[in-house]
$ cat data14.txt   # compact mmCIF, N, CA and C atoms
# COMPACT_ATOMS: atom_id res chain seq x y z
N MET Y 1 0.85 -1.17 0.00
CA MET Y 1 0.00 0.00 0.00
C MET Y 1 0.90 1.24 0.00
N THR Y 2 0.58 2.20 -0.81
CA THR Y 2 1.39 3.41 -0.92
C THR Y 2 1.14 4.35 0.26
N PHE Y 3 2.01 5.31 0.40
CA PHE Y 3 1.89 6.31 1.45
C PHE Y 3 0.55 7.03 1.36
N VAL Y 4 0.16 7.36 0.14
CA VAL Y 4 -1.10 8.07 -0.11
C VAL Y 4 -2.28 7.27 0.42
N LYS Y 5 -2.33 6.01 0.06
CA LYS Y 5 -3.45 5.17 0.49
C LYS Y 5 -3.44 4.92 1.98
N LYS Y 6 -2.25 4.77 2.56
CA LYS Y 6 -2.17 4.53 4.01
C LYS Y 6 -2.74 5.70 4.79
N ILE Y 7 -2.33 6.90 4.43
CA ILE Y 7 -2.82 8.08 5.14
C ILE Y 7 -4.34 8.22 4.97
N PHE Y 8 -4.82 8.02 3.76
CA PHE Y 8 -6.26 8.14 3.50
C PHE Y 8 -7.05 7.10 4.28
N VAL Y 9 -6.62 5.86 4.23
CA VAL Y 9 -7.32 4.77 4.92
C VAL Y 9 -7.28 4.97 6.43
N LEU Y 10 -6.12 5.34 6.98
CA LEU Y 10 -6.03 5.60 8.42
C LEU Y 10 -6.92 6.76 8.84
N SER Y 11 -7.03 7.78 8.01
CA SER Y 11 -7.89 8.92 8.32
C SER Y 11 -9.36 8.50 8.36
N ILE Y 12 -9.77 7.71 7.38
CA ILE Y 12 -11.16 7.22 7.35
C ILE Y 12 -11.44 6.33 8.57
N ILE Y 13 -10.51 5.45 8.89
CA ILE Y 13 -10.70 4.53 10.02
C ILE Y 13 -10.81 5.31 11.33
N THR Y 14 -9.91 6.27 11.55
CA THR Y 14 -9.98 7.03 12.81
C THR Y 14 -11.24 7.89 12.88
N LEU Y 15 -11.69 8.40 11.74
CA LEU Y 15 -12.93 9.17 11.73
C LEU Y 15 -14.12 8.29 12.10
N ILE Y 16 -14.20 7.11 11.53
CA ILE Y 16 -15.30 6.19 11.82
C ILE Y 16 -15.27 5.72 13.28
N ILE Y 17 -14.07 5.34 13.76
CA ILE Y 17 -13.95 4.91 15.16
C ILE Y 17 -14.36 6.04 16.09
N GLY Y 18 -13.92 7.25 15.77
CA GLY Y 18 -14.28 8.40 16.59
C GLY Y 18 -15.77 8.65 16.63
N LEU Y 19 -16.43 8.57 15.48
CA LEU Y 19 -17.88 8.78 15.44
C LEU Y 19 -18.64 7.71 16.20
N ILE Y 20 -18.28 6.46 15.97
CA ILE Y 20 -18.96 5.36 16.64
C ILE Y 20 -18.76 5.45 18.16
N GLY Y 21 -17.51 5.63 18.59
CA GLY Y 21 -17.22 5.72 20.02
C GLY Y 21 -17.90 6.90 20.68
N TYR Y 22 -17.96 8.02 19.97
CA TYR Y 22 -18.58 9.21 20.53
C TYR Y 22 -20.05 8.97 20.82
N PHE Y 23 -20.75 8.32 19.92
CA PHE Y 23 -22.18 8.08 20.14
C PHE Y 23 -22.46 6.91 21.08
N ILE Y 24 -21.58 5.92 21.12
CA ILE Y 24 -21.77 4.81 22.05
C ILE Y 24 -21.58 5.28 23.49
N PHE Y 25 -20.56 6.12 23.72
CA PHE Y 25 -20.25 6.60 25.07
C PHE Y 25 -20.76 8.02 25.27
N TRP Y 26 -21.97 8.29 24.80
CA TRP Y 26 -22.53 9.64 24.83
C TRP Y 26 -22.53 10.26 26.22
N ASN Y 27 -22.86 9.48 27.24
CA ASN Y 27 -22.97 10.02 28.60
C ASN Y 27 -21.75 9.70 29.47
N HIS Y 28 -20.61 9.49 28.86
CA HIS Y 28 -19.41 9.13 29.60
C HIS Y 28 -18.26 10.02 29.14
N TRP Y 29 -17.29 10.27 30.01
CA TRP Y 29 -16.17 11.14 29.66
C TRP Y 29 -15.31 10.56 28.53
N ILE Y 30 -15.38 9.25 28.30
CA ILE Y 30 -14.58 8.61 27.25
C ILE Y 30 -14.96 9.14 25.86
N ARG Y 31 -16.15 9.69 25.74
CA ARG Y 31 -16.58 10.21 24.43
C ARG Y 31 -15.63 11.28 23.92
N TYR Y 32 -14.98 12.03 24.84
CA TYR Y 32 -14.05 13.07 24.41
C TYR Y 32 -12.80 12.49 23.76
N ILE Y 33 -12.39 11.32 24.21
CA ILE Y 33 -11.27 10.63 23.57
C ILE Y 33 -11.66 10.26 22.14
N PHE Y 34 -12.87 9.74 21.97
CA PHE Y 34 -13.33 9.37 20.64
C PHE Y 34 -13.56 10.60 19.76
N ALA Y 35 -13.99 11.69 20.35
CA ALA Y 35 -14.16 12.93 19.57
C ALA Y 35 -12.82 13.39 19.01
N HIS Y 36 -11.77 13.29 19.81
CA HIS Y 36 -10.45 13.68 19.34
C HIS Y 36 -9.89 12.69 18.33
N THR Y 37 -10.23 11.43 18.49
CA THR Y 37 -9.82 10.43 17.50
C THR Y 37 -10.46 10.74 16.15
N GLY Y 38 -11.74 11.05 16.14
CA GLY Y 38 -12.42 11.43 14.91
C GLY Y 38 -11.86 12.70 14.30
N ALA Y 39 -11.49 13.66 15.17
CA ALA Y 39 -10.91 14.90 14.67
C ALA Y 39 -9.57 14.66 13.99
N LEU Y 40 -8.79 13.71 14.51
CA LEU Y 40 -7.54 13.34 13.83
C LEU Y 40 -7.82 12.82 12.42
N GLY Y 41 -8.90 12.07 12.30
CA GLY Y 41 -9.30 11.58 10.97
C GLY Y 41 -9.67 12.71 10.04
N ILE Y 42 -10.38 13.69 10.54
CA ILE Y 42 -10.77 14.84 9.72
C ILE Y 42 -9.54 15.64 9.30
N ILE Y 43 -8.62 15.87 10.24
CA ILE Y 43 -7.39 16.58 9.90
C ILE Y 43 -6.59 15.79 8.87
N GLY Y 44 -6.57 14.47 9.02
CA GLY Y 44 -5.89 13.62 8.04
C GLY Y 44 -6.52 13.74 6.66
N LEU Y 45 -7.83 13.83 6.60
CA LEU Y 45 -8.50 13.99 5.30
C LEU Y 45 -8.18 15.35 4.67
N PHE Y 46 -8.12 16.40 5.48
CA PHE Y 46 -7.70 17.70 4.96
C PHE Y 46 -6.25 17.64 4.47
N ALA Y 47 -5.40 16.94 5.20
CA ALA Y 47 -4.01 16.79 4.78
C ALA Y 47 -3.92 16.04 3.45
N CYS Y 48 -4.74 15.00 3.30
CA CYS Y 48 -4.79 14.26 2.03
C CYS Y 48 -5.27 15.16 0.90
N LEU Y 49 -6.24 16.01 1.18
CA LEU Y 49 -6.73 16.95 0.17
C LEU Y 49 -5.62 17.90 -0.26
N ALA Y 50 -4.87 18.42 0.70
CA ALA Y 50 -3.74 19.29 0.37
C ALA Y 50 -2.72 18.53 -0.48
N GLY Y 51 -2.49 17.27 -0.14
CA GLY Y 51 -1.57 16.44 -0.91
C GLY Y 51 -2.05 16.19 -2.33
N LEU Y 52 -3.34 15.93 -2.48
CA LEU Y 52 -3.88 15.70 -3.83
C LEU Y 52 -3.79 16.96 -4.69
N ILE Y 53 -4.07 18.10 -4.10
CA ILE Y 53 -3.96 19.36 -4.82
C ILE Y 53 -2.51 19.57 -5.25
N ALA Y 54 -1.59 19.33 -4.31
CA ALA Y 54 -0.16 19.49 -4.62
C ALA Y 54 0.27 18.53 -5.73
N GLN Y 55 -0.16 17.29 -5.64
CA GLN Y 55 0.23 16.29 -6.63
C GLN Y 55 -0.31 16.63 -8.01
N LYS Y 56 -1.53 17.09 -8.10
CA LYS Y 56 -2.13 17.45 -9.39
C LYS Y 56 -1.40 18.60 -10.06
N LYS Y 57 -0.79 19.45 -9.25
CA LYS Y 57 -0.06 20.62 -9.77
C LYS Y 57 1.43 20.38 -9.87
N GLY Y 58 1.87 19.15 -9.66
CA GLY Y 58 3.29 18.82 -9.81
C GLY Y 58 4.14 19.12 -8.58
N LEU Y 59 3.51 19.30 -7.44
CA LEU Y 59 4.24 19.54 -6.20
C LEU Y 59 4.35 18.24 -5.40
N ASN Y 60 5.10 18.27 -4.33
CA ASN Y 60 5.37 17.08 -3.53
C ASN Y 60 4.17 16.71 -2.65
N TYR Y 61 3.59 15.55 -2.91
CA TYR Y 61 2.42 15.07 -2.16
C TYR Y 61 2.75 14.86 -0.69
N ARG Y 62 3.83 14.14 -0.44
CA ARG Y 62 4.20 13.78 0.93
C ARG Y 62 4.43 15.03 1.78
N LYS Y 63 5.13 16.00 1.23
CA LYS Y 63 5.40 17.25 1.96
C LYS Y 63 4.09 17.97 2.29
N ALA Y 64 3.17 18.01 1.34
CA ALA Y 64 1.89 18.68 1.56
C ALA Y 64 1.09 17.98 2.65
N VAL Y 65 1.08 16.66 2.66
CA VAL Y 65 0.35 15.91 3.68
C VAL Y 65 0.97 16.15 5.06
N LEU Y 66 2.27 16.10 5.13
CA LEU Y 66 2.93 16.31 6.41
C LEU Y 66 2.72 17.74 6.91
N LEU Y 67 2.74 18.72 6.00
CA LEU Y 67 2.50 20.11 6.39
C LEU Y 67 1.04 20.34 6.80
N GLY Y 68 0.14 19.56 6.24
CA GLY Y 68 -1.26 19.69 6.60
C GLY Y 68 -1.63 18.99 7.89
N PHE Y 69 -0.85 18.00 8.29
CA PHE Y 69 -1.22 17.20 9.45
C PHE Y 69 -0.51 17.65 10.73
N PHE Y 70 0.80 17.55 10.77
CA PHE Y 70 1.53 17.76 12.02
C PHE Y 70 1.48 19.21 12.53
N PRO Y 71 1.68 20.22 11.70
CA PRO Y 71 1.56 21.58 12.24
C PRO Y 71 0.15 21.89 12.77
N SER Y 72 -0.86 21.29 12.15
CA SER Y 72 -2.23 21.50 12.62
C SER Y 72 -2.40 21.03 14.05
N ILE Y 73 -1.93 19.84 14.32
CA ILE Y 73 -2.05 19.28 15.67
C ILE Y 73 -1.18 20.05 16.65
N PHE Y 74 0.05 20.32 16.25
CA PHE Y 74 0.99 21.02 17.12
C PHE Y 74 0.46 22.41 17.50
N LEU Y 75 0.01 23.17 16.52
CA LEU Y 75 -0.50 24.52 16.80
C LEU Y 75 -1.79 24.49 17.62
N GLY Y 76 -2.62 23.48 17.41
CA GLY Y 76 -3.84 23.34 18.21
C GLY Y 76 -3.52 23.10 19.68
N VAL Y 77 -2.56 22.24 19.96
CA VAL Y 77 -2.16 21.96 21.34
C VAL Y 77 -1.53 23.20 21.97
N ILE Y 78 -0.63 23.84 21.23
CA ILE Y 78 0.03 25.04 21.75
C ILE Y 78 -1.00 26.14 22.05
N ALA Y 79 -1.90 26.37 21.11
CA ALA Y 79 -2.92 27.41 21.31
C ALA Y 79 -3.80 27.09 22.52
N ASP Y 80 -4.15 25.83 22.67
CA ASP Y 80 -5.01 25.45 23.80
C ASP Y 80 -4.32 25.72 25.12
N TYR Y 81 -3.07 25.33 25.26
CA TYR Y 81 -2.37 25.50 26.52
C TYR Y 81 -2.01 26.96 26.81
N HIS Y 82 -1.86 27.77 25.76
CA HIS Y 82 -1.54 29.18 26.00
C HIS Y 82 -2.78 30.02 26.25
N LEU Y 83 -3.86 29.74 25.54
CA LEU Y 83 -5.07 30.54 25.69
C LEU Y 83 -5.92 30.12 26.88
N ASP Y 84 -5.88 28.85 27.20
CA ASP Y 84 -6.68 28.34 28.32
C ASP Y 84 -5.83 27.34 29.10
N PRO Y 85 -5.04 27.82 30.04
CA PRO Y 85 -4.10 26.93 30.77
C PRO Y 85 -4.82 25.74 31.42
N PRO Y 86 -4.07 24.65 31.62
CA PRO Y 86 -4.65 23.45 32.22
C PRO Y 86 -5.15 23.69 33.64
N LYS Y 87 -6.04 22.80 34.07
CA LYS Y 87 -6.57 22.84 35.43
C LYS Y 87 -5.47 22.43 36.41
N GLU Y 88 -5.77 22.48 37.69
CA GLU Y 88 -4.79 22.12 38.71
C GLU Y 88 -4.29 20.68 38.58
N ASN Y 89 -5.15 19.78 38.08
CA ASN Y 89 -4.76 18.38 37.95
C ASN Y 89 -3.95 18.10 36.69
N GLY Y 90 -3.67 19.13 35.89
CA GLY Y 90 -2.85 18.97 34.70
C GLY Y 90 -3.62 18.68 33.43
N LEU Y 91 -4.91 18.38 33.56
CA LEU Y 91 -5.73 18.12 32.38
C LEU Y 91 -6.11 19.43 31.70
N PRO Y 92 -6.18 19.42 30.37
CA PRO Y 92 -6.58 20.66 29.68
C PRO Y 92 -8.01 21.02 30.01
N SER Y 93 -8.29 22.32 30.04
CA SER Y 93 -9.63 22.76 30.37
C SER Y 93 -10.46 23.04 29.12
N SER Y 94 -9.85 22.95 27.97
CA SER Y 94 -10.58 23.11 26.70
C SER Y 94 -9.86 22.33 25.62
N CYS Y 95 -10.28 22.54 24.39
CA CYS Y 95 -9.75 21.78 23.26
C CYS Y 95 -9.22 22.75 22.20
N GLY Y 96 -8.12 22.40 21.59
CA GLY Y 96 -7.55 23.23 20.53
C GLY Y 96 -8.02 22.83 19.14
N GLY Y 97 -9.14 22.13 19.08
CA GLY Y 97 -9.65 21.62 17.81
C GLY Y 97 -9.97 22.69 16.79
N VAL Y 98 -10.47 23.82 17.24
CA VAL Y 98 -10.80 24.91 16.31
C VAL Y 98 -9.54 25.39 15.62
N VAL Y 99 -8.47 25.53 16.37
CA VAL Y 99 -7.20 25.97 15.78
C VAL Y 99 -6.66 24.89 14.85
N SER Y 100 -6.70 23.64 15.28
CA SER Y 100 -6.18 22.55 14.45
C SER Y 100 -6.92 22.46 13.12
N LEU Y 101 -8.23 22.48 13.16
CA LEU Y 101 -9.00 22.40 11.92
C LEU Y 101 -8.79 23.64 11.05
N SER Y 102 -8.67 24.79 11.67
CA SER Y 102 -8.42 26.02 10.91
C SER Y 102 -7.08 25.96 10.20
N VAL Y 103 -6.05 25.49 10.89
CA VAL Y 103 -4.73 25.39 10.27
C VAL Y 103 -4.77 24.39 9.12
N ALA Y 104 -5.45 23.27 9.29
CA ALA Y 104 -5.55 22.29 8.21
C ALA Y 104 -6.24 22.88 6.98
N ILE Y 105 -7.29 23.65 7.20
CA ILE Y 105 -8.00 24.29 6.09
C ILE Y 105 -7.12 25.35 5.44
N ILE Y 106 -6.39 26.10 6.24
CA ILE Y 106 -5.50 27.13 5.70
C ILE Y 106 -4.41 26.51 4.83
N VAL Y 107 -3.89 25.35 5.25
CA VAL Y 107 -2.87 24.67 4.44
C VAL Y 107 -3.46 24.26 3.09
N VAL Y 108 -4.70 23.77 3.08
CA VAL Y 108 -5.36 23.43 1.81
C VAL Y 108 -5.48 24.68 0.94
N ILE Y 109 -5.90 25.77 1.53
CA ILE Y 109 -6.07 27.02 0.77
C ILE Y 109 -4.73 27.50 0.23
N ILE Y 110 -3.68 27.39 1.04
CA ILE Y 110 -2.35 27.79 0.58
C ILE Y 110 -1.92 26.96 -0.61
N TYR Y 111 -2.19 25.66 -0.57
CA TYR Y 111 -1.81 24.82 -1.72
C TYR Y 111 -2.66 25.13 -2.95
N ILE Y 112 -3.90 25.53 -2.76
CA ILE Y 112 -4.71 25.94 -3.90
C ILE Y 112 -4.12 27.21 -4.52
N ILE Y 113 -3.80 28.18 -3.68
CA ILE Y 113 -3.23 29.43 -4.17
C ILE Y 113 -1.85 29.20 -4.78
N LYS Y 114 -1.03 28.43 -4.10
CA LYS Y 114 0.32 28.12 -4.58
C LYS Y 114 0.25 27.39 -5.91
N SER Y 115 -0.67 26.48 -6.02
CA SER Y 115 -0.84 25.71 -7.26
C SER Y 115 -1.25 26.62 -8.40
N ASN Y 116 -2.19 27.53 -8.14
CA ASN Y 116 -2.63 28.45 -9.18
C ASN Y 116 -1.52 29.42 -9.56
N HIS Y 117 -0.69 29.79 -8.60
CA HIS Y 117 0.44 30.67 -8.89
C HIS Y 117 1.38 30.00 -9.88
N PHE Y 118 1.70 28.72 -9.65
CA PHE Y 118 2.59 28.00 -10.57
C PHE Y 118 1.93 27.78 -11.92
N LYS Y 119 0.63 27.56 -11.90
CA LYS Y 119 -0.11 27.29 -13.13
C LYS Y 119 -0.10 28.52 -14.05
N ASN Y 120 -0.20 29.71 -13.47
CA ASN Y 120 -0.28 30.94 -14.27
C ASN Y 120 1.06 31.39 -14.80
N LYS Y 121 2.17 30.88 -14.32
CA LYS Y 121 3.49 31.30 -14.79
C LYS Y 121 3.90 30.57 -16.04

$ encode --input "data14.txt" --output "structure tokens"
Amino acid sequence: MTFVKKIFVLSIITLIIGLIGYFIFWNHWIRYIFAHTGALGIIGLFACLAGLIAQKKGLNYRKAVLLGFFPSIFLGVIADYHLDPPKENGLPSSCGGVVSLSVAIIVVIIYIIKSNHFKNK
């Protein structure tokens, strides 16, 4: 299986597991773990989209996927801990998902713009 297919399949699997677990454990704190698992799948799908856009325009697929995935997660965690510090027990008091998803979407938009820039030259 190629890198492209692995990332896509893992993203779909984590999204499905996240959705199923979230609804099964609706009234339990474990649902938040499944919600974050599903969010990783969504970020992975956005990263795959950035990769496909890059590949269609002759850019590096792998680089686009990695830029769409890891910085999204990293910036989401950093933003969460800086904007809303953890509770006394060390657990986060909120989620950086909005930042993570926003960064993933911005990476897709950057690849669309970057691709069109190369196309017009």

$ closest_residue --input "data14.txt" --among "Y:Met1, Y:Ala47, Y:Ile24, Y:Ile30" --to "Val107 in chain Y" --atoms "all atoms listed in the file"
Y:Ala47

$ atom_distance --input "data14.txt" --atom1 "CA of Phe23 in chain Y" --atom2 "CA of Val9 in chain Y"
21.5 Å

$ atom_distance --input "data14.txt" --atom1 "atom N of Ala104 in chain Y" --atom2 "CA of Ser72 in chain Y"
5.0 Å

$ build_atoms --input "data14.txt" --residues "range 49-60 of chain Y" --atoms "all heavy atoms" --output "tab-separated table (two decimals), in the coordinates of the input"
chain	number	residue	atom	x	y	z
Y	49	LEU	N	-6.24	16.01	1.18
Y	49	LEU	CA	-6.73	16.95	0.17
Y	49	LEU	C	-5.62	17.90	-0.26
Y	49	LEU	O	-5.44	18.14	-1.46
Y	49	LEU	CB	-7.93	17.72	0.72
Y	49	LEU	CG	-8.55	18.76	-0.22
Y	49	LEU	CD1	-9.05	18.10	-1.50
Y	49	LEU	CD2	-9.67	19.50	0.49
Y	50	ALA	N	-4.87	18.42	0.70
Y	50	ALA	CA	-3.74	19.29	0.37
Y	50	ALA	C	-2.72	18.53	-0.48
Y	50	ALA	O	-2.18	19.06	-1.46
Y	50	ALA	CB	-3.08	19.82	1.63
Y	51	GLY	N	-2.49	17.27	-0.14
Y	51	GLY	CA	-1.57	16.44	-0.91
Y	51	GLY	C	-2.05	16.19	-2.33
Y	51	GLY	O	-1.27	16.24	-3.27
Y	52	LEU	N	-3.34	15.93	-2.48
Y	52	LEU	CA	-3.88	15.70	-3.83
Y	52	LEU	C	-3.79	16.96	-4.69
Y	52	LEU	O	-3.46	16.88	-5.87
Y	52	LEU	CB	-5.33	15.22	-3.74
Y	52	LEU	CG	-5.53	13.81	-3.25
Y	52	LEU	CD1	-7.02	13.51	-3.07
Y	52	LEU	CD2	-4.91	12.81	-4.20
Y	53	ILE	N	-4.07	18.10	-4.10
Y	53	ILE	CA	-3.96	19.36	-4.82
Y	53	ILE	C	-2.51	19.57	-5.25
Y	53	ILE	O	-2.22	19.94	-6.39
Y	53	ILE	CB	-4.47	20.54	-3.97
Y	53	ILE	CG1	-5.98	20.41	-3.78
Y	53	ILE	CG2	-4.13	21.88	-4.62
Y	53	ILE	CD1	-6.54	21.34	-2.71
Y	54	ALA	N	-1.59	19.33	-4.31
Y	54	ALA	CA	-0.16	19.49	-4.62
Y	54	ALA	C	0.27	18.53	-5.73
Y	54	ALA	O	0.96	18.93	-6.66
Y	54	ALA	CB	0.67	19.25	-3.36
Y	55	GLN	N	-0.16	17.29	-5.64
Y	55	GLN	CA	0.23	16.29	-6.63
Y	55	GLN	C	-0.31	16.63	-8.01
Y	55	GLN	O	0.40	16.49	-9.00
Y	55	GLN	CB	-0.28	14.92	-6.18
Y	55	GLN	CG	0.20	13.77	-7.03
Y	55	GLN	CD	-0.27	12.44	-6.47
Y	55	GLN	OE1	-1.39	12.35	-5.95
Y	55	GLN	NE2	0.56	11.43	-6.57
Y	56	LYS	N	-1.53	17.09	-8.10
Y	56	LYS	CA	-2.13	17.45	-9.39
Y	56	LYS	C	-1.40	18.60	-10.06
Y	56	LYS	O	-1.43	18.73	-11.27
Y	56	LYS	CB	-3.61	17.76	-9.24
Y	56	LYS	CG	-4.43	16.56	-8.89
Y	56	LYS	CD	-5.78	16.66	-9.53
Y	56	LYS	CE	-6.62	15.46	-9.14
Y	56	LYS	NZ	-6.51	14.37	-10.05
Y	57	LYS	N	-0.79	19.45	-9.25
Y	57	LYS	CA	-0.06	20.62	-9.77
Y	57	LYS	C	1.43	20.38	-9.87
Y	57	LYS	O	2.20	21.31	-10.11
Y	57	LYS	CB	-0.34	21.86	-8.90
Y	57	LYS	CG	-1.82	22.19	-8.81
Y	57	LYS	CD	-2.40	22.53	-10.16
Y	57	LYS	CE	-3.87	22.86	-10.03
Y	57	LYS	NZ	-4.43	23.36	-11.25
Y	58	GLY	N	1.87	19.15	-9.66
Y	58	GLY	CA	3.29	18.82	-9.81
Y	58	GLY	C	4.14	19.12	-8.58
Y	58	GLY	O	5.36	19.16	-8.68
Y	59	LEU	N	3.51	19.30	-7.44
Y	59	LEU	CA	4.24	19.54	-6.20
Y	59	LEU	C	4.35	18.24	-5.40
Y	59	LEU	O	3.73	17.24	-5.74
Y	59	LEU	CB	3.54	20.64	-5.39
Y	59	LEU	CG	3.39	21.98	-6.10
Y	59	LEU	CD1	2.48	22.91	-5.30
Y	59	LEU	CD2	4.74	22.62	-6.33
Y	60	ASN	N	5.10	18.27	-4.33
Y	60	ASN	CA	5.37	17.08	-3.53
Y	60	ASN	C	4.17	16.71	-2.65
Y	60	ASN	O	3.81	17.46	-1.74
Y	60	ASN	CB	6.61	17.33	-2.66
Y	60	ASN	CG	7.11	16.09	-1.97
Y	60	ASN	OD1	6.35	15.19	-1.66
Y	60	ASN	ND2	8.40	16.06	-1.72
